[in-house]
Structures are given as C-alpha cells and as structure tokens.
$ cat entry30.pdb   # PDB, C-alpha atoms
ATOM      1  CA  MET A 680     -13.817 -37.629  42.383
ATOM      2  CA  THR A 681     -10.410 -35.945  42.201
ATOM      3  CA  GLN A 682      -9.234 -38.434  39.588
ATOM      4  CA  ILE A 683     -12.188 -37.617  37.308
ATOM      5  CA  PHE A 684     -11.451 -33.892  37.611
ATOM      6  CA  LEU A 685      -7.729 -34.392  36.787
ATOM      7  CA  ALA A 686      -8.599 -36.648  33.841
ATOM      8  CA  ALA A 687     -10.964 -33.988  32.459
ATOM      9  CA  GLN A 688      -8.251 -31.311  32.722
ATOM     10  CA  ALA A 689      -5.723 -33.536  30.960
ATOM     11  CA  ALA A 690      -8.136 -34.149  28.091
ATOM     12  CA  GLN A 691      -8.666 -30.399  27.586
ATOM     13  CA  GLY A 692      -4.940 -29.584  27.688
ATOM     14  CA  GLY A 693      -4.300 -30.800  24.133
ATOM     15  CA  GLY A 694      -6.808 -28.298  22.707
ATOM     16  CA  GLY A 695      -4.617 -25.343  23.683
ATOM     17  CA  MET A 696      -1.804 -26.395  21.381
ATOM     18  CA  SER A 697      -4.082 -26.823  18.371
ATOM     19  CA  PHE A 698      -5.556 -23.362  19.048
ATOM     20  CA  ILE A 699      -2.087 -21.795  18.991
ATOM     21  CA  ILE A 700      -1.215 -23.600  15.749
ATOM     22  CA  MET A 701      -4.492 -22.444  14.187
ATOM     23  CA  MET A 702      -3.838 -18.810  15.197
ATOM     24  CA  VAL A 703      -0.305 -18.924  13.761
ATOM     25  CA  ALA A 704      -1.688 -20.374  10.514
ATOM     26  CA  ILE A 705      -4.327 -17.625  10.273
ATOM     27  CA  PHE A 706      -1.700 -14.935  10.848
ATOM     28  CA  ALA A 707       0.565 -16.484   8.186
ATOM     29  CA  ILE A 708      -2.295 -16.543   5.679
ATOM     30  CA  MET A 709      -3.158 -12.910   6.424
ATOM     31  CA  TYR A 710       0.491 -11.904   6.067
ATOM     32  CA  PHE A 711       1.004 -13.555   2.681
ATOM     33  CA  PHE A 712      -2.353 -12.567   1.164
ATOM     34  CA  MET A 713      -2.902  -9.095   2.634
ATOM     35  CA  ILE A 714       0.053  -7.460   4.372
ATOM     36  CA  ARG A 715       2.906  -8.471   2.060
ATOM     37  CA  PRO A 716       1.203  -7.418  -1.225
ATOM     38  CA  GLN A 717       0.230  -4.067   0.327
ATOM     39  CA  GLN A 718       3.830  -3.436   1.423
ATOM     40  CA  LYS A 719       5.034  -4.322  -2.077
ATOM     41  CA  ARG A 720       2.529  -1.901  -3.637
ATOM     42  CA  GLN A 721       3.585   0.871  -1.232
ATOM     43  CA  LYS A 722       7.245   0.310  -2.133
ATOM     44  CA  GLU A 723       6.417   0.597  -5.865
ATOM     45  CA  ILE A 724       4.540   3.870  -5.263
ATOM     46  CA  GLN A 725       7.430   5.223  -3.184
ATOM     47  CA  ASN A 726       9.942   4.329  -5.915
ATOM     48  CA  PHE A 727       7.729   6.025  -8.523
ATOM     49  CA  GLN A 728       7.428   9.181  -6.420
ATOM     50  CA  ASN A 729      11.198   9.321  -5.932
ATOM     51  CA  SER A 730      11.853   8.886  -9.661
ATOM     52  CA  LEU A 731       9.446  11.592 -10.863
ATOM     53  CA  ALA A 732      10.784  13.823 -13.605
ATOM     54  CA  GLU A 733       9.520  16.908 -15.370
ATOM     55  CA  GLY A 734       7.228  16.054 -18.265
ATOM     56  CA  ALA A 735       5.862  12.863 -16.695
ATOM     57  CA  GLU A 736       2.114  12.337 -16.951
ATOM     58  CA  VAL A 737       0.639  11.593 -13.529
ATOM     59  CA  VAL A 738      -2.586  11.150 -11.592
ATOM     60  CA  THR A 739      -2.944  12.812  -8.205
ATOM     61  CA  GLY A 740      -4.646  11.346  -5.156
ATOM     62  CA  GLY A 741      -7.713  13.437  -5.978
ATOM     63  CA  GLY A 742      -7.981  11.904  -9.453
ATOM     64  CA  ILE A 743      -6.592  14.885 -11.368
ATOM     65  CA  TYR A 744      -4.628  13.988 -14.502
ATOM     66  CA  GLY A 745      -1.775  16.234 -15.506
ATOM     67  CA  THR A 746       1.830  16.700 -16.537
ATOM     68  CA  VAL A 747       4.653  17.456 -14.095
ATOM     69  CA  LYS A 748       6.081  20.911 -14.822
ATOM     70  CA  LYS A 749       8.363  21.537 -11.847
ATOM     71  CA  ILE A 750       9.623  19.514  -8.880
ATOM     72  CA  ASP A 751      10.855  21.182  -5.688
ATOM     73  CA  LEU A 752      12.778  18.494  -3.804
ATOM     74  CA  ALA A 753      13.417  20.734  -0.785
ATOM     75  CA  THR A 754       9.715  21.173   0.023
ATOM     76  CA  GLY A 755       8.331  18.078  -1.714
ATOM     77  CA  ILE A 756       5.914  20.133  -3.809
ATOM     78  CA  ILE A 757       5.239  19.346  -7.458
ATOM     79  CA  GLU A 758       3.670  21.722  -9.947
ATOM     80  CA  VAL A 759       1.273  19.859 -12.244
ATOM     81  CA  LYS A 760      -0.159  21.335 -15.437
ATOM     82  CA  ILE A 761      -3.757  20.150 -15.792
ATOM     83  CA  ALA A 762      -4.850  22.404 -18.685
ATOM     84  CA  ASP A 763      -3.468  25.197 -20.820
ATOM     85  CA  GLY A 764      -2.481  27.958 -18.411
ATOM     86  CA  VAL A 765      -3.619  25.997 -15.330
ATOM     87  CA  VAL A 766      -0.880  24.767 -12.991
ATOM     88  CA  ILE A 767      -1.590  23.395  -9.530
ATOM     89  CA  LYS A 768       0.771  22.615  -6.669
ATOM     90  CA  VAL A 769       0.534  19.095  -5.236
ATOM     91  CA  ASP A 770       2.442  17.411  -2.447
ATOM     92  CA  LYS A 771       4.753  14.727  -3.833
ATOM     93  CA  SER A 772       3.180  12.053  -1.642
ATOM     94  CA  TYR A 773      -0.189  12.543  -3.408
ATOM     95  CA  VAL A 774       1.095  11.682  -6.874
ATOM     96  CA  PHE A 775       0.409   8.004  -7.444
ATOM     97  CA  LYS A 776       0.553   6.855 -11.032
ATOM     98  CA  ASP A 777       2.254   7.349 -14.353
ATOM     99  CA  THR A 778      -0.487   7.548 -16.988
ATOM    100  CA  SER A 779       1.809   7.477 -19.998
ATOM    101  CA  SER A 780       1.950   3.677 -19.844
ATOM    102  CA  THR A 781      -1.824   3.321 -19.263
ATOM    103  CA  PRO A 782      -3.912   3.200 -22.452
ATOM    104  CA  VAL A 783      -6.562   5.916 -22.619
ATOM    105  CA  GLN A 784     -10.047   4.792 -23.652
ATOM    106  CA  LYS A 785     -11.869   7.079 -26.060
TER     107      LYS A 785
END

$ encode --input "entry30.pdb" --output "structure tokens"
Amino acid sequence: MTQIFLAAQAAQGGGGMSFIIMMVAIFAIMYFFMIRPQQKRQKEIQNFQNSLAEGAEVVTGGGIYGTVKKIDLATGIIEVKIADGVVIKVDKSYVFKDTSSTPVQK
C-alpha cells in the first residue's frame, strides 16, 4: 500500500516543473506584448514633454487643442492658447501630443 502511494506522488512530481515553465512563459509573453510597449510609449511622452517649446501645437489630457504660449519650468505649468484671447494653464504632465505632425481632417 505504501509503495502505491509513493509511486503516485512520484508521478505527480513532474507536473510541478511544467507548471513553473508555463507560468514563466506566460509572464514573458505579457512582458513583451504589454508591459514593454507601454514603457516605451511612456518614455516617448516624457521626452516630448521635456522638449516642449513655445509655439508648439499640443493636445491636453482633456482633449483640448492649442498652442503653447509660455512654459514655466519651475512650477511645471504651461500656458496654452486655445482661441483668440483665451489662454489656459495646464500642468506639463497633461500635455501629450504634438498636433503639428498629425494631419487635420476637414
């Protein structure tokens, strides 16, 4: 009876290694298809935000299109002109895209 029990445990022992390999493979797939591209996109956004200059056309996180009028590096606040005589203040981390390179559909 003891030999049958030990034989059953030995047969199940090999399944643990394949489970670990499968979990490592799933994590690797998630890393290369989800985590790594997101980190790359975040780095591109960060580089864009650090290279902002006055006169650049941008889109804010709220979807407001405008032109950068003034950048205050000390506070991280950007003044964006959205219409004639209308200037709003936006935190630098909420400016995401340069629209000058994006074609506008009419």

$ closest_residue --input "entry30.pdb" --among "A:Ala704, A:Ile699, A:Thr754, A:Ile743" --to "Lys771 in chain A" --atoms "only C-alpha atoms"
A:Thr754

$ residues_around --input "entry30.pdb" --residues "Ile750 in chain A" --least-positions-apart "3" --cutoff "12 Å" --atoms "all atoms listed in the file" --output "PDB file with C-alpha atoms, keeping the file's coordinate frame"
ATOM      1  CA  GLN A 728       7.428   9.181  -6.420  1.00  0.00           C
ATOM      2  CA  ASN A 729      11.198   9.321  -5.932  1.00  0.00           C
ATOM      3  CA  SER A 730      11.853   8.886  -9.661  1.00  0.00           C
ATOM      4  CA  LEU A 731       9.446  11.592 -10.863  1.00  0.00           C
ATOM      5  CA  ALA A 732      10.784  13.823 -13.605  1.00  0.00           C
ATOM      6  CA  GLU A 733       9.520  16.908 -15.370  1.00  0.00           C
ATOM      7  CA  GLY A 734       7.228  16.054 -18.265  1.00  0.00           C
ATOM      8  CA  ALA A 735       5.862  12.863 -16.695  1.00  0.00           C
ATOM      9  CA  THR A 746       1.830  16.700 -16.537  1.00  0.00           C
ATOM     10  CA  VAL A 747       4.653  17.456 -14.095  1.00  0.00           C
ATOM     11  CA  ALA A 753      13.417  20.734  -0.785  1.00  0.00           C
ATOM     12  CA  THR A 754       9.715  21.173   0.023  1.00  0.00           C
ATOM     13  CA  GLY A 755       8.331  18.078  -1.714  1.00  0.00           C
ATOM     14  CA  ILE A 756       5.914  20.133  -3.809  1.00  0.00           C
ATOM     15  CA  ILE A 757       5.239  19.346  -7.458  1.00  0.00           C
ATOM     16  CA  GLU A 758       3.670  21.722  -9.947  1.00  0.00           C
ATOM     17  CA  VAL A 759       1.273  19.859 -12.244  1.00  0.00           C
ATOM     18  CA  LYS A 760      -0.159  21.335 -15.437  1.00  0.00           C
ATOM     19  CA  ILE A 767      -1.590  23.395  -9.530  1.00  0.00           C
ATOM     20  CA  LYS A 768       0.771  22.615  -6.669  1.00  0.00           C
ATOM     21  CA  VAL A 769       0.534  19.095  -5.236  1.00  0.00           C
ATOM     22  CA  ASP A 770       2.442  17.411  -2.447  1.00  0.00           C
ATOM     23  CA  LYS A 771       4.753  14.727  -3.833  1.00  0.00           C
ATOM     24  CA  VAL A 774       1.095  11.682  -6.874  1.00  0.00           C
TER      25      VAL A 774
END

$ atom_distance --input "entry30.pdb" --atom1 "CA of Gly745 in chain A" --atom2 "CA of Gln717 in chain A"
25.8 Å

$ residues_near_point --input "entry30.pdb" --point "(0.1, 10.5, -5.1)" --cutoff "7 Å" --atoms "all atoms listed in the file" --output "list of chain:residue names"
A:Thr739, A:Gly740, A:Lys771, A:Ser772, A:Tyr773, A:Val774, A:Phe775, A:Lys776

$ atom_distance --input "entry30.pdb" --atom1 "CA of Ile705 in chain A" --atom2 "CA of Lys722 in chain A"
24.7 Å

$ atom_distance --input "entry30.pdb" --atom1 "CA of Leu752 in chain A" --atom2 "CA of Val766 in chain A"
17.6 Å
